[in-house]
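See below for final-v1.txt, which holds compact mmCIF, C-alpha atoms.
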# COMPACT_ATOMS: atom_id res chain seq x y z
CA MET A 26 74.16 175.45 -0.78
CA SER A 27 77.68 176.59 -0.12
CA VAL A 28 79.08 177.78 3.17
CA ALA A 29 81.52 180.60 2.55
CA LEU A 30 84.88 178.95 3.17
CA PRO A 31 88.29 180.56 2.72
CA GLU A 32 89.47 179.79 -0.80
CA ASP A 33 92.36 177.63 0.43
CA ASP A 34 89.99 175.47 2.46
CA GLU A 35 87.60 175.14 -0.43
CA LEU A 36 90.52 173.95 -2.55
CA LEU A 37 91.73 171.52 0.11
CA ALA A 38 88.25 169.98 0.30
CA ALA A 39 88.26 169.56 -3.48
CA GLU A 40 91.81 168.19 -3.54
CA LEU A 41 90.90 165.62 -0.91
CA ALA A 42 87.80 164.54 -2.82
CA PHE A 43 89.63 164.12 -6.14
CA GLY A 44 92.56 162.28 -4.51
CA LEU A 45 95.22 164.87 -5.34
CA LEU A 46 96.95 164.98 -1.96
CA ASP A 47 99.93 162.86 -0.95
CA PRO A 48 99.29 160.45 1.94
CA PRO A 49 100.75 162.54 4.82
CA GLU A 50 98.88 165.68 3.78
CA ARG A 51 95.74 163.67 3.06
CA GLN A 52 95.74 162.23 6.58
CA ALA A 53 96.15 165.67 8.13
CA VAL A 54 93.28 167.04 6.05
CA GLU A 55 91.06 164.03 6.74
CA ALA A 56 91.51 164.66 10.45
CA ARG A 57 89.80 168.01 9.99
CA LEU A 58 86.63 166.40 8.67
CA GLY A 59 85.62 165.26 12.14
CA SER A 60 86.06 168.60 13.84
CA ASP A 61 85.27 171.26 11.22
CA ASP A 62 81.66 171.09 10.04
CA ALA A 63 81.94 173.76 7.34
CA PHE A 64 84.98 172.01 5.93
CA ALA A 65 83.21 168.62 6.10
CA ASP A 66 80.23 170.12 4.22
CA ALA A 67 82.49 171.42 1.48
CA HIS A 68 84.18 168.03 1.24
CA LYS A 69 80.81 166.30 1.02
CA ARG A 70 79.85 168.62 -1.84
CA TRP A 71 83.10 167.92 -3.71
CA GLN A 72 82.81 164.20 -3.10
CA GLY A 73 79.43 164.36 -4.78
CA TYR A 74 80.96 166.17 -7.77
CA ALA A 75 83.76 163.62 -7.97
CA ALA A 76 81.28 160.73 -7.83
CA ALA A 77 79.38 162.36 -10.70
CA LEU A 78 82.49 161.88 -12.87
CA PHE A 79 81.25 158.32 -13.23
CA ASP A 80 78.76 159.24 -15.90
CA HIS A 81 78.09 155.74 -17.17
CA PRO A 82 74.75 154.20 -16.17
CA GLY A 83 76.61 150.98 -15.39
CA GLU A 84 76.00 147.37 -16.30
CA ALA A 85 75.17 144.14 -14.53
CA PRO A 86 78.10 142.08 -13.25
CA SER A 87 77.89 138.33 -13.79
CA ALA A 88 75.97 136.31 -11.21
CA SER A 89 79.17 134.66 -9.96
CA VAL A 90 80.23 137.95 -8.34
CA TRP A 91 77.48 137.85 -5.74
CA ARG A 92 78.11 134.15 -5.05
CA ALA A 93 81.80 134.89 -4.51
CA ILE A 94 80.99 137.79 -2.17
CA GLU A 95 78.58 135.67 -0.16
CA ALA A 96 81.14 132.87 0.13
CA ARG A 97 83.75 135.29 1.44
CA LEU A 98 81.62 136.91 4.12
CA PRO A 99 83.19 136.26 7.52
CA ALA A 100 81.56 133.59 9.62
CA ASN A 101 82.09 135.88 12.56
CA ASP A 102 80.54 139.23 11.91
CA ILE A 103 82.74 142.00 13.16
CA ALA A 104 79.97 144.52 12.70
CA PRO A 105 78.00 145.46 15.81
CA THR A 106 74.93 143.27 16.16
CA THR A 107 71.29 144.17 16.62
CA PRO A 108 69.84 143.60 20.10
CA ALA A 109 67.96 140.48 18.91
CA SER A 110 71.10 139.01 17.40
CA LEU A 111 73.05 139.92 20.48
CA ARG A 112 70.68 137.87 22.64
CA TRP A 113 71.15 134.93 20.30
CA TRP A 114 74.88 135.44 20.30
CA LYS A 115 75.06 135.38 24.07
CA ALA A 116 72.88 132.30 24.36
CA GLY A 117 74.88 130.55 21.68
CA THR A 118 78.18 131.39 23.28
CA LEU A 119 76.98 129.97 26.57
CA VAL A 120 75.96 126.74 24.87
CA ALA A 121 79.30 126.63 23.05
CA SER A 122 81.32 127.25 26.20
CA ALA A 123 79.38 124.72 28.25
CA ALA A 124 79.71 122.20 25.47
CA ALA A 125 83.39 122.94 25.20
CA VAL A 126 83.91 122.12 28.83
CA VAL A 127 81.87 118.91 28.69
CA LEU A 128 83.16 117.73 25.34
CA GLY A 129 86.70 118.71 26.15
CA VAL A 130 86.67 116.26 28.99
CA VAL A 131 84.91 113.50 27.08
CA ALA A 132 87.02 114.02 23.97
CA VAL A 133 90.23 113.64 25.89
CA GLN A 134 89.00 110.38 27.41
CA LYS A 135 87.58 108.68 24.35
CA PRO A 136 86.75 110.85 21.33
CA GLN A 137 85.20 108.06 19.25
CA THR A 138 82.39 107.39 21.68
CA VAL A 139 81.21 110.98 21.42
CA ILE A 140 80.46 110.53 17.75
CA GLU A 141 79.01 107.06 17.96
CA ARG A 142 76.63 107.99 20.72
CA VAL A 143 74.83 110.57 18.61
CA PRO A 144 71.77 109.12 16.90
CA VAL A 145 71.47 110.68 13.46
CA ALA A 146 67.70 110.92 13.87
CA GLN A 147 68.17 113.62 16.49
CA GLN A 148 69.85 116.02 14.12
CA ALA A 149 66.65 117.62 12.85
CA SER A 150 66.45 120.72 14.99
CA ALA A 151 68.56 120.21 18.09
CA PRO A 152 71.47 122.64 18.43
CA MET A 153 74.82 121.10 17.55
CA VAL A 154 78.32 121.80 18.78
CA ALA A 155 81.86 120.99 17.82
CA VAL A 156 85.14 121.44 19.61
CA LEU A 157 88.02 121.66 17.18
CA THR A 158 91.43 120.76 18.46
CA GLY A 159 94.93 120.64 17.02
CA LYS A 160 98.52 121.25 18.01
CA LYS A 161 97.78 124.78 19.11
CA GLY A 162 94.66 126.47 20.40
CA PHE A 163 91.06 125.34 20.04
CA VAL A 164 87.84 126.52 18.55
CA THR A 165 84.29 125.94 19.68
CA VAL A 166 81.41 126.10 17.24
CA SER A 167 77.71 125.84 17.97
CA PHE A 168 75.14 125.58 15.22
CA ASP A 169 71.39 126.11 15.40
CA PRO A 170 69.74 124.23 12.49
CA ALA A 171 66.44 126.06 13.02
CA SER A 172 67.96 129.43 12.14
CA ASN A 173 71.09 128.25 10.29
CA ARG A 174 73.15 130.41 12.60
CA MET A 175 76.35 129.52 14.32
CA THR A 176 78.54 130.99 16.99
CA SER A 177 82.23 130.39 17.16
CA ALA A 178 85.00 131.28 19.54
CA VAL A 179 88.74 130.97 19.14
CA THR A 180 91.17 130.35 21.98
CA GLY A 181 94.95 130.54 21.79
CA LEU A 182 95.25 130.87 18.04
CA ASP A 183 97.50 133.54 16.55
CA LEU A 184 97.78 133.35 12.78
CA GLY A 185 99.41 136.74 12.30
CA ALA A 186 98.65 138.06 8.81
CA HIS A 187 96.34 135.16 7.96
CA SER A 188 92.69 134.37 8.55
CA PRO A 189 91.27 131.20 10.08
CA GLU A 190 88.52 129.85 7.83
CA LEU A 191 85.90 127.33 8.96
CA TRP A 192 84.89 124.39 6.78
CA VAL A 193 82.32 121.65 7.05
CA ILE A 194 83.43 118.35 5.52
CA PRO A 195 80.57 115.84 5.17
CA ALA A 196 80.84 112.18 4.15
CA ASP A 197 81.66 113.04 0.53
CA GLY A 198 84.94 114.58 1.73
CA LYS A 199 84.34 117.90 -0.07
CA PRO A 200 84.89 120.96 2.15
CA ARG A 201 82.22 123.69 2.11
CA SER A 202 83.22 127.07 3.52
CA MET A 203 81.39 128.26 6.63
CA GLY A 204 83.21 131.59 6.42
CA VAL A 205 86.21 133.33 7.93
CA MET A 206 86.50 133.60 11.71
CA ASN A 207 87.53 136.56 13.75
CA ALA A 208 90.53 135.26 15.69
CA SER A 209 90.29 137.94 18.37
CA ALA A 210 86.66 137.80 19.50
CA PRO A 211 83.76 135.36 19.52
CA GLY A 212 80.99 136.03 17.06
CA TRP A 213 77.91 134.73 15.34
CA ALA A 214 76.96 134.37 11.71
CA LYS A 215 74.50 132.78 9.35
CA VAL A 216 76.05 129.71 7.75
CA PRO A 217 76.11 129.90 3.92
CA ALA A 218 73.43 127.68 2.37
CA LEU A 219 75.97 125.42 0.68
CA ALA A 220 77.49 124.60 4.06
CA SER A 221 74.34 124.58 6.20
CA SER A 222 72.69 122.00 3.91
CA VAL A 223 75.25 119.40 4.97
CA MET A 224 75.47 120.30 8.66
CA ALA A 225 74.55 117.14 10.57
CA ALA A 226 75.80 115.23 13.56
CA GLY A 227 78.98 113.38 12.72
CA VAL A 228 80.34 115.67 9.99
CA THR A 229 83.86 117.06 10.36
CA ILE A 230 84.41 120.75 11.04
CA ALA A 231 87.88 122.08 10.30
CA VAL A 232 89.86 125.31 10.38
CA SER A 233 92.42 126.09 7.68
CA VAL A 234 94.93 128.92 7.43
CA GLU A 235 93.94 131.26 4.61
CA PRO A 236 94.92 134.66 3.24
CA VAL A 237 93.25 137.58 5.00
CA GLY A 238 89.59 137.64 3.97
CA GLY A 239 89.45 133.93 3.23
CA SER A 240 90.33 131.38 0.59
CA PRO A 241 90.36 132.99 -2.84
CA THR A 242 89.39 129.71 -4.51
CA GLY A 243 86.45 128.51 -2.43
CA GLN A 244 88.50 125.51 -1.29
CA PRO A 245 91.07 125.34 1.52
CA THR A 246 94.42 126.62 0.25
CA GLY A 247 96.43 126.55 3.50
CA PRO A 248 97.11 123.85 6.08
CA VAL A 249 94.25 122.46 8.18
CA ILE A 250 95.23 123.17 11.79
CA LEU A 251 92.16 122.21 13.82
CA THR A 252 89.48 119.58 13.35
CA GLY A 253 86.55 118.21 15.30
CA LYS A 254 83.21 116.49 14.85
CA LEU A 255 79.82 118.12 14.99
CA THR A 256 77.53 116.56 17.55
CA THR A 257 74.13 117.31 19.09
CA ALA A 258 74.41 119.43 22.20
CA MET B 27 74.42 166.55 -4.10
CA SER B 28 71.29 164.62 -5.00
CA SER B 29 71.52 161.74 -7.41
CA THR B 30 69.18 160.53 -10.12
CA SER B 31 67.22 158.42 -7.67
CA SER B 32 64.49 160.10 -5.68
CA ASP B 33 65.08 161.36 -2.16
CA SER B 34 63.00 158.54 -0.67
CA ASP B 35 65.15 155.98 -2.50
CA ALA B 36 68.25 157.66 -1.10
CA ALA B 37 66.87 157.68 2.45
CA ASN B 38 65.91 154.06 2.03
CA LEU B 39 69.40 153.09 0.87
CA ALA B 40 70.90 154.89 3.88
CA ALA B 41 68.54 153.00 6.21
CA THR B 42 69.43 149.70 4.53
CA LEU B 43 73.15 150.45 5.02
CA ARG B 44 72.50 150.95 8.72
CA ARG B 45 70.97 147.46 8.82
CA VAL B 46 74.08 146.12 7.08
CA ALA B 47 76.15 147.78 9.82
CA ALA B 48 74.13 145.73 12.31
CA GLY B 49 75.17 142.52 10.53
CA ASP B 50 71.95 142.01 8.53
CA ARG B 51 72.83 139.85 5.52
CA ALA B 52 69.43 140.24 3.86
CA ALA B 53 69.94 144.02 3.93
CA PHE B 54 73.40 143.52 2.43
CA GLU B 55 71.95 141.50 -0.43
CA ASP B 56 69.38 144.24 -0.94
CA VAL B 57 72.14 146.87 -1.18
CA TYR B 58 73.95 144.68 -3.70
CA ARG B 59 70.82 144.20 -5.80
CA ARG B 60 70.13 147.93 -5.89
CA THR B 61 73.64 149.25 -6.47
CA SER B 62 75.79 146.63 -8.19
CA VAL B 63 74.94 147.76 -11.73
CA LYS B 64 76.09 151.32 -11.02
CA LEU B 65 79.12 150.23 -8.98
CA PHE B 66 80.19 147.74 -11.63
CA GLY B 67 80.15 150.69 -14.04
CA VAL B 68 82.51 152.49 -11.63
CA CYS B 69 84.88 149.49 -11.61
CA LEU B 70 84.77 149.16 -15.40
CA ARG B 71 85.65 152.83 -15.84
CA ILE B 72 88.84 152.30 -13.85
CA LEU B 73 89.57 148.68 -14.81
CA PRO B 74 88.41 148.02 -18.38
CA VAL B 75 89.26 144.31 -18.19
CA ARG B 76 86.00 142.74 -17.08
CA GLN B 77 87.49 140.10 -14.82
CA GLU B 78 89.58 142.70 -12.98
CA ALA B 79 86.54 144.93 -12.61
CA GLU B 80 84.53 142.03 -11.17
CA GLU B 81 87.27 141.25 -8.67
CA ALA B 82 87.41 144.90 -7.62
CA LEU B 83 83.62 144.88 -7.27
CA GLN B 84 83.87 141.86 -4.94
CA GLU B 85 86.46 143.63 -2.82
CA ALA B 86 84.34 146.77 -2.76
CA TYR B 87 81.27 144.96 -1.44
CA LEU B 88 83.32 143.10 1.18
CA SER B 89 84.50 146.55 2.31
CA VAL B 90 80.89 147.73 2.37
CA TRP B 91 80.04 144.81 4.64
CA ARG B 92 82.92 145.53 6.98
CA ARG B 93 82.66 149.29 6.98
CA ALA B 94 78.93 150.01 6.75
CA GLY B 95 79.11 151.19 10.36
CA THR B 96 81.33 154.09 9.33
CA PHE B 97 78.75 155.47 6.88
CA ASP B 98 77.35 158.71 8.28
CA VAL B 99 74.34 160.18 6.53
CA ALA B 100 75.37 163.63 7.78
CA LYS B 101 78.57 163.37 5.75
CA GLY B 102 77.00 162.62 2.39
CA SER B 103 74.60 160.44 0.45
CA ALA B 104 74.73 156.67 0.67
CA MET B 105 75.31 156.38 -3.08
CA THR B 106 78.24 158.80 -2.95
CA TRP B 107 79.72 156.82 -0.07
CA LEU B 108 79.39 153.58 -2.04
CA ILE B 109 80.85 155.12 -5.20
CA THR B 110 83.80 156.62 -3.29
CA LEU B 111 84.57 153.33 -1.55
CA THR B 112 84.31 151.38 -4.82
CA ARG B 113 86.50 153.88 -6.63
CA ASN B 114 89.14 153.49 -3.91
CA ARG B 115 89.15 149.69 -4.15
CA ALA B 116 89.33 149.77 -7.96
CA VAL B 117 92.14 152.36 -7.92
CA ASP B 118 94.07 150.24 -5.37
CA ARG B 119 93.83 147.30 -7.74
CA LEU B 120 94.76 149.39 -10.78
CA ARG B 121 97.84 150.70 -9.03
CA SER B 122 98.97 147.39 -7.57
CA GLY B 123 100.36 146.64 -11.04
CA GLY B 124 102.77 149.59 -10.66
CA LYS B 125 102.52 150.75 -14.28
CA VAL B 126 100.14 153.67 -13.77
CA ALA B 127 102.49 155.73 -11.61
CA THR B 128 104.92 156.22 -14.49
CA ALA B 129 102.64 156.29 -17.55
CA PRO B 130 103.33 159.60 -19.33
CA ILE B 131 100.59 162.24 -19.57
CA GLU B 132 100.27 164.51 -22.60
CA LEU B 133 99.58 168.06 -21.47
CA ALA B 134 98.75 169.55 -24.87
CA ASP B 135 96.33 172.44 -24.54
CA ASP B 136 94.37 171.52 -27.60
CA VAL B 137 93.23 168.19 -26.25
CA PRO B 138 89.46 168.59 -25.98
CA ASP B 139 87.78 167.09 -22.93
CA PRO B 140 85.86 164.03 -24.06
CA THR B 141 82.43 165.49 -23.28
CA PRO B 142 79.81 162.81 -23.75
CA PRO B 143 77.59 163.34 -26.82
CA ALA B 144 74.11 164.75 -26.18
CA SER B 145 72.51 161.35 -26.81
CA THR B 146 74.49 159.90 -23.88
CA LEU B 147 73.77 162.90 -21.71
CA LEU B 148 70.07 162.08 -21.88
CA GLU B 149 70.70 158.77 -20.12
CA ILE B 150 72.69 160.15 -17.23
CA GLY B 151 71.63 162.12 -14.19
CA GLU B 152 71.27 165.84 -13.80
CA ASP B 153 74.42 166.04 -11.66
CA GLN B 154 76.52 164.29 -14.26
CA GLN B 155 75.12 166.51 -17.01
CA ARG B 156 75.97 169.66 -15.08
CA LEU B 157 79.45 168.38 -14.26
CA ALA B 158 80.06 167.37 -17.87
CA TYR B 159 79.02 170.84 -18.98
CA CYS B 160 81.27 172.56 -16.43
CA LEU B 161 84.26 170.35 -17.20
CA GLY B 162 83.75 171.38 -20.80
CA THR B 163 84.26 175.02 -19.84
CA LEU B 164 87.77 174.34 -18.45
CA ASP B 165 90.93 175.07 -20.40
CA GLY B 166 92.33 172.36 -22.63
CA GLY B 167 93.87 169.51 -20.67
CA ASP B 168 92.74 170.66 -17.20
CA ALA B 169 89.64 168.49 -17.13
CA GLY B 170 91.80 165.60 -18.28
CA LEU B 171 94.21 166.14 -15.37
CA ILE B 172 91.34 166.07 -12.88
CA ARG B 173 89.96 162.90 -14.42
CA THR B 174 93.39 161.27 -14.41
CA ALA B 175 93.85 162.11 -10.73
CA PHE B 176 90.49 160.61 -9.84
CA PHE B 177 90.37 157.58 -12.15
CA GLU B 178 94.03 156.58 -11.79
CA GLY B 179 94.72 157.69 -8.21
CA SER B 180 97.48 160.08 -9.28
CA THR B 181 98.37 162.76 -6.74
CA TYR B 182 99.80 166.20 -7.60
CA ALA B 183 103.35 164.89 -7.29
CA GLU B 184 102.71 161.96 -9.58
CA LEU B 185 100.83 164.05 -12.16
CA ALA B 186 103.79 166.44 -12.25
CA SER B 187 106.28 163.65 -12.81
CA ARG B 188 104.08 161.91 -15.39
CA ALA B 189 103.56 165.16 -17.29
CA ALA B 190 107.26 166.12 -16.89
CA THR B 191 106.08 169.49 -15.54
CA PRO B 192 107.16 171.30 -12.35
CA LEU B 193 104.97 170.48 -9.33
CA GLY B 194 104.13 174.16 -8.76
CA THR B 195 102.88 174.54 -12.31
CA ILE B 196 100.65 171.47 -12.08
CA LYS B 197 99.26 172.55 -8.70
CA SER B 198 98.37 176.08 -9.71
CA ARG B 199 96.88 174.88 -12.96
CA ILE B 200 94.61 172.33 -11.26
CA ARG B 201 93.68 174.71 -8.44
CA ARG B 202 92.62 177.35 -10.95
CA ALA B 203 90.53 174.72 -12.71
CA LEU B 204 88.92 173.57 -9.44
CA LEU B 205 87.87 177.11 -8.53
CA LYS B 206 86.42 177.61 -11.97
CA LEU B 207 84.58 174.32 -11.60
CA LYS B 208 83.18 175.43 -8.25
CA ASP B 209 81.86 178.70 -9.70
CA CYS B 210 80.29 176.88 -12.59
CA LEU B 211 78.67 174.19 -10.41
CA SER B 212 77.31 176.38 -7.60
Hey, can you dump this file as structure tokens for me?
Amino acid sequence: MSVALPEDDELLAAELAFGLLDPPERQAVEARLGSDDAFADAHKRWQGYAAALFDHPGEAPSASVWRAIEARLPANDIAPTTPASLRWWKAGTLVASAAAVVLGVVAVQKPQTVIERVPVAQQASAPMVAVLTGKKGFVTVSFDPASNRMTSAVTGLDLGAHSPELWVIPADGKPRSMGVMNASAPGWAKVPALASSVMAAGVTIAVSVEPVGGSPTGQPTGPVILTGKLTTA
Amino acid sequence: MSSTSSDSDAANLAATLRRVAAGDRAAFEDVYRRTSVKLFGVCLRILPVRQEAEEALQEAYLSVWRRAGTFDVAKGSAMTWLITLTRNRAVDRLRSGGKVATAPIELADDVPDPTPPASTLLEIGEDQQRLAYCLGTLDGGDAGLIRTAFFEGSTYAELASRAATPLGTIKSRIRRALLKLKDCLS
């Protein structure tokens, strides 16, 4: 199983796996993993040994852990998408951009009429869009009730070391997280069940400023900077 | 290094991680369902306070979601990748308190390595049994130093300062132990 490596390299691979190296040396050694297959194999072997130090069979975490993870998943996936999702993403972005242009114009003229014109009965399966505006930047969101997916795109918003988080606020006034947005690129995501169950024409969609990764509490903790109403496309 | 699960389970977990990399949330939930018991054990080993361990577990899975695309089956098993990532998150959290870096280490040679009793060994995998046996063959506190490095994120320099021992002495001692471990394990 072992490739004959010089003793020093064998040790380096082990030291890297057990976390013994100081950061500068660690980075230099990590760089070798990509270019030196024999070294990478030795490291893989030692990483397996190190992982085996955890000799406890484990135990179940409480159910709230998964709920918290799910609530903190970004609304905009930064992972590469599958071809099928990509098609959806592109279509959704087109709808969102077109809607942004149309709604942007209408909203500037008379925002109230946009909301009032939408018959609630139409909400069942028609795609919905929202343009969120504020003092700076804007965000477009499109939502497909049939698949519970949304696309979102951010324009002109730089929050530095913070994350923009999307919320849906229905008539009861209680915000439900739709997830954290990627401020630098448009993206798509499935809307968490708690939020998608209240997505309907007329509800408010808002963006708040949150710590990186999203609100730690499940409720907005930073200022709300953009808001808009969801409406049928 | 194979784990206790069968090879087909391991291949399946790797394939599921690739779906997570493509943004598949159902696959992500599947990974959580299959691995959270083991990974929570990893967090608890490093962070004995349950709430802290659960928070580290959350962070670990969020990292899995973000970084699944960097998992490369050629570079190791999916379970090892998950354990390594979880260990790193838990150690980050442990060290954010700042106390670990200065906690003294006793280097007495007569400290026996806490080898799990045979009854516990029956419940753990073959790899862990072999490692436990080999760690038991090391001199006195050497196995303890290796565990401290891994479970507390202490580098050579920090181990030396915590054990009030010259860096060179600590390094040569651990390197000797690592080579002995390698001979025993291979």
Counting only C-alpha atoms, what are the residues of chain A within 8 Å of chain B, and for each of them which pair of atoms is the nearest and at what distance in Å, to one decimal? Sort the table by chain and rising number, as CSV.
residue,atom,partner,partner_atom,distance
A:Met26,CA,B:Ser212,CA,7.6
A:Ser27,CA,B:Ser212,CA,7.5
A:Leu36,CA,B:Arg201,CA,6.7
A:Ala39,CA,B:Leu204,CA,7.2
A:Phe43,CA,B:Phe176,CA,5.2
A:Gly44,CA,B:Phe176,CA,6.0
A:Leu45,CA,B:Thr181,CA,4.0
A:Leu46,CA,B:Thr181,CA,5.5
A:Asp47,CA,B:Thr181,CA,6.0
A:Ala65,CA,B:Lys101,CA,7.0
A:Asp66,CA,B:Lys101,CA,7.1
A:Lys69,CA,B:Gly102,CA,5.5
A:Arg70,CA,B:Met27,CA,6.2
A:Gln72,CA,B:Thr106,CA,7.1
A:Gly73,CA,B:Met27,CA,5.5
A:Tyr74,CA,B:Leu157,CA,7.0
A:Ala75,CA,B:Phe176,CA,7.6
A:Ala76,CA,B:Thr106,CA,6.1
A:Ala77,CA,B:Gln154,CA,5.0
A:Leu78,CA,B:Gln154,CA,6.6
A:Phe79,CA,B:Val68,CA,6.2
A:Asp80,CA,B:Gln154,CA,5.8
A:His81,CA,B:Gly67,CA,6.3
A:Pro82,CA,B:Lys64,CA,6.1
A:Gly83,CA,B:Gly67,CA,3.8
A:Glu84,CA,B:Val63,CA,4.7
A:Ala85,CA,B:Val63,CA,4.6
A:Pro86,CA,B:Phe66,CA,6.2
A:Val90,CA,B:Gln84,CA,6.3
A:Trp91,CA,B:Gln84,CA,7.6
A:Ala93,CA,B:Gln84,CA,7.3
A:Ile94,CA,B:Gln84,CA,5.7
A:Arg97,CA,B:Leu88,CA,7.8
A:Leu98,CA,B:Leu88,CA,7.1
A:Asp102,CA,B:Gly49,CA,6.4
A:Ile103,CA,B:Arg92,CA,7.1
A:Ala104,CA,B:Gly49,CA,5.6
A:Pro105,CA,B:Ala48,CA,5.2
A:Thr106,CA,B:Ala48,CA,4.6
A:Thr107,CA,B:Ala48,CA,5.4
Report the centre and edge lengths, in Å to one decimal, of an axis-aligned box enclosing every atom of segment 167-178 of chain B listed in the file, padded by 4 Å on each side, as JSON.
{"center_x": 91.9, "center_y": 163.6, "center_z": -15.3, "size_x": 12.6, "size_y": 22.1, "size_z": 18.8}
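The residue that comes closest to Glu40 of chain A, out of B:Ala203, B:Ala36, B:Glu78, B:Gly167 and on the basis of only C-alpha atoms, is B:Ala203.
Atom CA of Ala196 of chain A to atom CA of Ala155 of chain A spans 16.3 Å [interatomic distance, one decimal].
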For this session: One decimal, Å: what's the distance from atom CA of Trp213 of chain A over to atom CA of Ala258 of chain A, could you say?
Result: 17.1 Å
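Here atom CA of Lys215 of chain A is placed at a distance of 26.9 Å from atom CA of Ala37 of chain B.
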Give me the residues within 6 Å of segment 208-212 of chain A as a tab-separated table (two decimals) with C-alpha atoms, keeping the file's coordinate frame, counting all atoms listed in the file and dropping any in the same chain fewer than 2 places off.
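Result saved to selection_7.tsv:
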chain	number	residue	atom	x	y	z
A	101	ASN	CA	82.09	135.88	12.56
A	176	THR	CA	78.54	130.99	16.99
A	177	SER	CA	82.23	130.39	17.16
A	178	ALA	CA	85.00	131.28	19.54
A	179	VAL	CA	88.74	130.97	19.14
A	206	MET	CA	86.50	133.60	11.71
